[in-house]
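To start, the structure under review is shown below, and the notes come after it.
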Amino acid sequence: MSVVRLAIQKSGRLTEASRALIAECGIELEPMGASLRAQAFNFPVEVLFLRDDDIPGYVADGVVDAAIVGRNVLVERGSPAEVVRELGFGRCRLSIAVPKSFNYASIRSLDGARIATSYPRILGDFLKANDVRATIHEITGSVEIAPSLGLGEAICDLVSSGSTLLANGLKEVETVLESQSLLIARSDLATDKQAIVSRLASRIDAVLRAKRTKYITLNTPNVAIPEIVKLLPGLKSPSILPLHNEGWSSLHTVVDEDDFWNLTEKLKAAGAQGILVLPIEKVIV
């Protein structure tokens, strides 16, 4: 029986979320111990825990079949791979930042500047696309302190909240790349392994849909059902069950959590009462 080798980050900002996603997909891994690999008990996958910078190369070389990796790492390494799914966690952006005292008017302000970064490939392509001639100084780790050490007039680094930039007296001026976690796979996988990756992607879809949606029930007078149904289409249409009180029904449906709060007042105005909101574990369509 074929087994897919799946690489995830050994340690770093994607590690815990990647492991949690695998668990939420119902995949049970054997204890890792001192080994950097773990076989699943109930799914044809073996998980390898690797350095994130190495993962795209291992996929390209066929050492692993699929991986969970950040878009920033995939693009920087330039390794060929199929993006199977965007996973949504680990969101960040690769941005250019300068000291607060830097007189920044536009990207042209960086002409002739030295820019410190751990992402020379992405930054180089961005500067070339904007016809900016700057010197790229490649460094690893603690990029944000480069200007204070005289290693450059600007930096290009990953930003989440921006608090690290502020703490180091920097201001964000350009977004170079939006990043998040991805499920990637070799584009030349054998048919049987493609099928396994598709099964994994389907489980991931069910988990991600559940995170974005809520199950709601509400009571409504029957005369208000047509209007409320227009507000709550659900996956296909709401389920409607009669209540013991004559002339009343209970509606059950699934809605996007972001939309729900905007709908609450409309639902109440239409006659809805006793609105209950429940979490969903999986959504399979």
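All residue names refer to the structure tokens as shown: chains lettered A, B, ... in order, residues numbered from 1 in each chain, ligands numbered from 1 in order.
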Extract, using only C-alpha atoms, all DNA, RNA and protein residues at most 12 Å from segment 137-143 of chain A, discarding same-chain residues fewer than 3 positions from it, and format them as number ranges by chain.
A: 53, 95-98, 113-124, 134, 146-159, 164-165, 168, 170
How about saving the chosen residues, C-alpha atoms kept, as a PDB file, in the first residue's frame?
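What landed in part38.pdb:
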```pdb
ATOM      1  CA  ASP A  53      13.875  26.341   4.450  1.00  0.00           C
ATOM      2  CA  SER A  95       7.451  43.970   4.026  1.00  0.00           C
ATOM      3  CA  ILE A  96      10.082  46.644   3.614  1.00  0.00           C
ATOM      4  CA  ALA A  97      10.606  48.818   6.679  1.00  0.00           C
ATOM      5  CA  VAL A  98      12.815  51.835   7.332  1.00  0.00           C
ATOM      6  CA  ALA A 113      19.943  52.094  -0.360  1.00  0.00           C
ATOM      7  CA  ARG A 114      21.251  48.969   1.336  1.00  0.00           C
ATOM      8  CA  ILE A 115      18.444  46.605   2.339  1.00  0.00           C
ATOM      9  CA  ALA A 116      19.007  43.773   4.803  1.00  0.00           C
ATOM     10  CA  THR A 117      16.868  40.666   4.379  1.00  0.00           C
ATOM     11  CA  SER A 118      16.620  36.899   4.657  1.00  0.00           C
ATOM     12  CA  TYR A 119      14.635  36.861   1.393  1.00  0.00           C
ATOM     13  CA  PRO A 120      17.042  38.077  -1.315  1.00  0.00           C
ATOM     14  CA  ARG A 121      15.237  36.319  -4.170  1.00  0.00           C
ATOM     15  CA  ILE A 122      11.789  37.770  -3.448  1.00  0.00           C
ATOM     16  CA  LEU A 123      13.167  41.205  -2.637  1.00  0.00           C
ATOM     17  CA  GLY A 124      15.354  41.212  -5.746  1.00  0.00           C
ATOM     18  CA  ALA A 134      19.402  48.969  -4.291  1.00  0.00           C
ATOM     19  CA  ALA A 146      20.256  45.695  10.930  1.00  0.00           C
ATOM     20  CA  PRO A 147      19.762  49.485  10.556  1.00  0.00           C
ATOM     21  CA  SER A 148      20.899  50.153  14.129  1.00  0.00           C
ATOM     22  CA  LEU A 149      24.049  48.090  13.445  1.00  0.00           C
ATOM     23  CA  GLY A 150      24.807  49.993  10.259  1.00  0.00           C
ATOM     24  CA  LEU A 151      24.098  47.000   8.032  1.00  0.00           C
ATOM     25  CA  GLY A 152      21.569  48.854   5.900  1.00  0.00           C
ATOM     26  CA  GLU A 153      19.218  51.770   5.566  1.00  0.00           C
ATOM     27  CA  ALA A 154      16.172  49.475   5.309  1.00  0.00           C
ATOM     28  CA  ILE A 155      15.072  45.901   5.949  1.00  0.00           C
ATOM     29  CA  CYS A 156      12.746  43.418   4.279  1.00  0.00           C
ATOM     30  CA  ASP A 157      11.317  40.935   6.752  1.00  0.00           C
ATOM     31  CA  LEU A 158       8.190  39.042   7.784  1.00  0.00           C
ATOM     32  CA  VAL A 159       5.608  41.116   9.648  1.00  0.00           C
ATOM     33  CA  THR A 164       8.667  44.112  16.551  1.00  0.00           C
ATOM     34  CA  LEU A 165       9.198  46.855  13.990  1.00  0.00           C
ATOM     35  CA  ASN A 168      13.092  48.685  16.937  1.00  0.00           C
ATOM     36  CA  LEU A 170      11.057  51.047  12.265  1.00  0.00           C
TER      37      LEU A 170
END
```
From a DSSP pass on the backbone, collect the residues of segment 16-51 of chain A flagged as helix (DSSP H, G or I) and hand them back as an MDAnalysis selection string.
chainID A and resid 16:24
Considering only C-alpha atoms, return as a ChimeraX atom specification whatever protein or nucleic-acid residues lie within 12 Å of segment 17-19 of chain A, sequence-local ones (same chain, fewer than 2 positions apart) excluded.
/A:6-15,21-29,32,38,47-49,67-70,87-91,180-183,204
Would you mind exporting C-alpha atoms of the selected residues as a short mmCIF file (atom, residue, chain, number, x, y, z; two decimals), in the first residue's frame?
```cif
data_model
loop_
_atom_site.label_atom_id
_atom_site.label_comp_id
_atom_site.auth_asym_id
_atom_site.auth_seq_id
_atom_site.Cartn_x
_atom_site.Cartn_y
_atom_site.Cartn_z
CA LEU A 6 4.34 14.70 4.30
CA ALA A 7 6.86 17.26 5.55
CA ILE A 8 6.04 19.90 8.16
CA GLN A 9 8.17 22.46 9.94
CA LYS A 10 10.26 20.90 12.72
CA SER A 11 10.08 24.02 14.89
CA GLY A 12 8.77 27.50 14.24
CA ARG A 13 5.62 29.52 13.78
CA LEU A 14 3.82 26.87 11.66
CA THR A 15 4.71 23.80 13.70
CA LEU A 21 -4.50 20.47 11.64
CA ILE A 22 -3.29 16.91 11.12
CA ALA A 23 -4.97 15.89 14.38
CA GLU A 24 -8.20 17.68 13.46
CA CYS A 25 -8.22 15.69 10.22
CA GLY A 26 -8.51 12.57 12.37
CA ILE A 27 -4.97 11.40 11.62
CA GLU A 28 -3.27 9.76 14.61
CA LEU A 29 0.53 9.80 14.61
CA MET A 32 7.86 10.82 17.53
CA ALA A 38 6.13 9.64 12.57
CA VAL A 47 5.09 12.85 8.62
CA LEU A 48 8.66 14.15 8.49
CA PHE A 49 9.69 17.09 10.67
CA ALA A 67 4.35 19.42 2.64
CA ILE A 68 2.88 22.19 4.74
CA VAL A 69 4.99 25.30 4.22
CA GLY A 70 4.68 29.08 4.16
CA LEU A 87 -4.55 26.66 4.81
CA GLY A 88 -5.21 30.08 6.32
CA PHE A 89 -2.97 29.93 9.39
CA GLY A 90 0.45 31.54 9.72
CA ARG A 91 -0.72 34.67 7.92
CA GLN A 180 0.15 32.07 4.68
CA SER A 181 0.55 28.33 5.13
CA LEU A 182 0.07 26.10 2.10
CA LEU A 183 -0.38 22.41 1.41
CA ILE A 204 -8.59 19.67 5.44
#
```
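Of the residues under consideration (A:Ser187, A:Arg212, A:Val173, A:Asn42), A:Val173 shows the shortest atom-to-atom contact distance to Ala105 of chain A when counting only C-alpha atoms.
Omitting segment 251-253 of chain A and its sequence neighbours fewer than 6 positions away, and counting only C-alpha atoms, the residues within 7 Å are Tyr215, Ile216, Thr217, Leu218, Asn219, Gly234, Pro238, Ser239, Ile240 and Leu241 of chain A.
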Selection file, N, CA and C atoms, as a CSV table (one decimal), in the first residue's frame:
```
chain,number,residue,atom,x,y,z
A,215,TYR,N,-23.3,26.7,13.3
A,215,TYR,CA,-24.6,26.1,13.2
A,215,TYR,C,-25.5,26.9,14.0
A,216,ILE,N,-26.6,27.3,13.4
A,216,ILE,CA,-27.6,28.1,14.2
A,216,ILE,C,-29.0,27.5,14.2
A,217,THR,N,-29.7,27.7,15.2
A,217,THR,CA,-31.1,27.3,15.3
A,217,THR,C,-31.9,28.6,15.8
A,218,LEU,N,-33.1,28.7,15.3
A,218,LEU,CA,-33.9,29.8,15.8
A,218,LEU,C,-35.4,29.4,15.7
A,219,ASN,N,-36.2,30.1,16.5
A,219,ASN,CA,-37.6,29.9,16.5
A,219,ASN,C,-38.2,31.1,15.7
A,234,GLY,N,-28.1,29.0,4.0
A,234,GLY,CA,-27.4,27.8,4.5
A,234,GLY,C,-26.6,27.2,3.4
A,238,PRO,N,-32.3,26.1,4.6
A,238,PRO,CA,-32.5,25.7,6.0
A,238,PRO,C,-33.4,24.5,6.2
A,239,SER,N,-33.2,23.8,7.3
A,239,SER,CA,-34.1,22.7,7.7
A,239,SER,C,-35.2,23.4,8.6
A,240,ILE,N,-36.5,23.0,8.4
A,240,ILE,CA,-37.6,23.6,9.1
A,240,ILE,C,-38.4,22.5,9.8
A,241,LEU,N,-38.5,22.7,11.1
A,241,LEU,CA,-39.2,21.7,11.9
A,241,LEU,C,-40.3,22.4,12.7
```
What does the distance between atom CA of Arg51 of chain A and atom CA of Gly78 of chain A come to in Å, to one decimal place?
16.2 Å
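Interatomic distance, atom CA of Phe126 of chain A to atom CA of Glu178 of chain A: 12.8 Å.
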Skipping near chain neighbours, those fewer than 5 positions away, what residues fall within 9 Å of Leu232 of chain A using only C-alpha atoms, listed as a PyMOL selection string?
chain A and resi 237-238+253-255+263+267
To one decimal in Å, tell me the separation between atom CA of Gln273 of chain A and atom CA of Lys230 of chain A.
16.5 Å
Shell of 12 Å around Glu265 of chain A, only C-alpha atoms, local chain residues under 5 positions omitted, as a VMD selection string
chain A and resid 228 231 259 to 260 270 to 273 275
Mind listing the strand (DSSP E or B) residues of segment 49-244 of chain A, per DSSP on the backbone, as a PyMOL selection string?
chain A and resi 49-50+66-70+82-86+92-99+114-117+135-138+154-159+170-179+181-185+213-221+239-242
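In this comparison, which uses only C-alpha atoms, the residue of A:Lys171, A:Ala185, A:Val277, A:Arg77 approaching Phe102 of chain A most closely is A:Lys171.
Ranking A:Leu243, A:Phe41, A:Ile196, A:Trp248 by their shortest atom-to-atom distance to Ile225 of chain A, with only C-alpha atoms included, puts A:Trp248 first.
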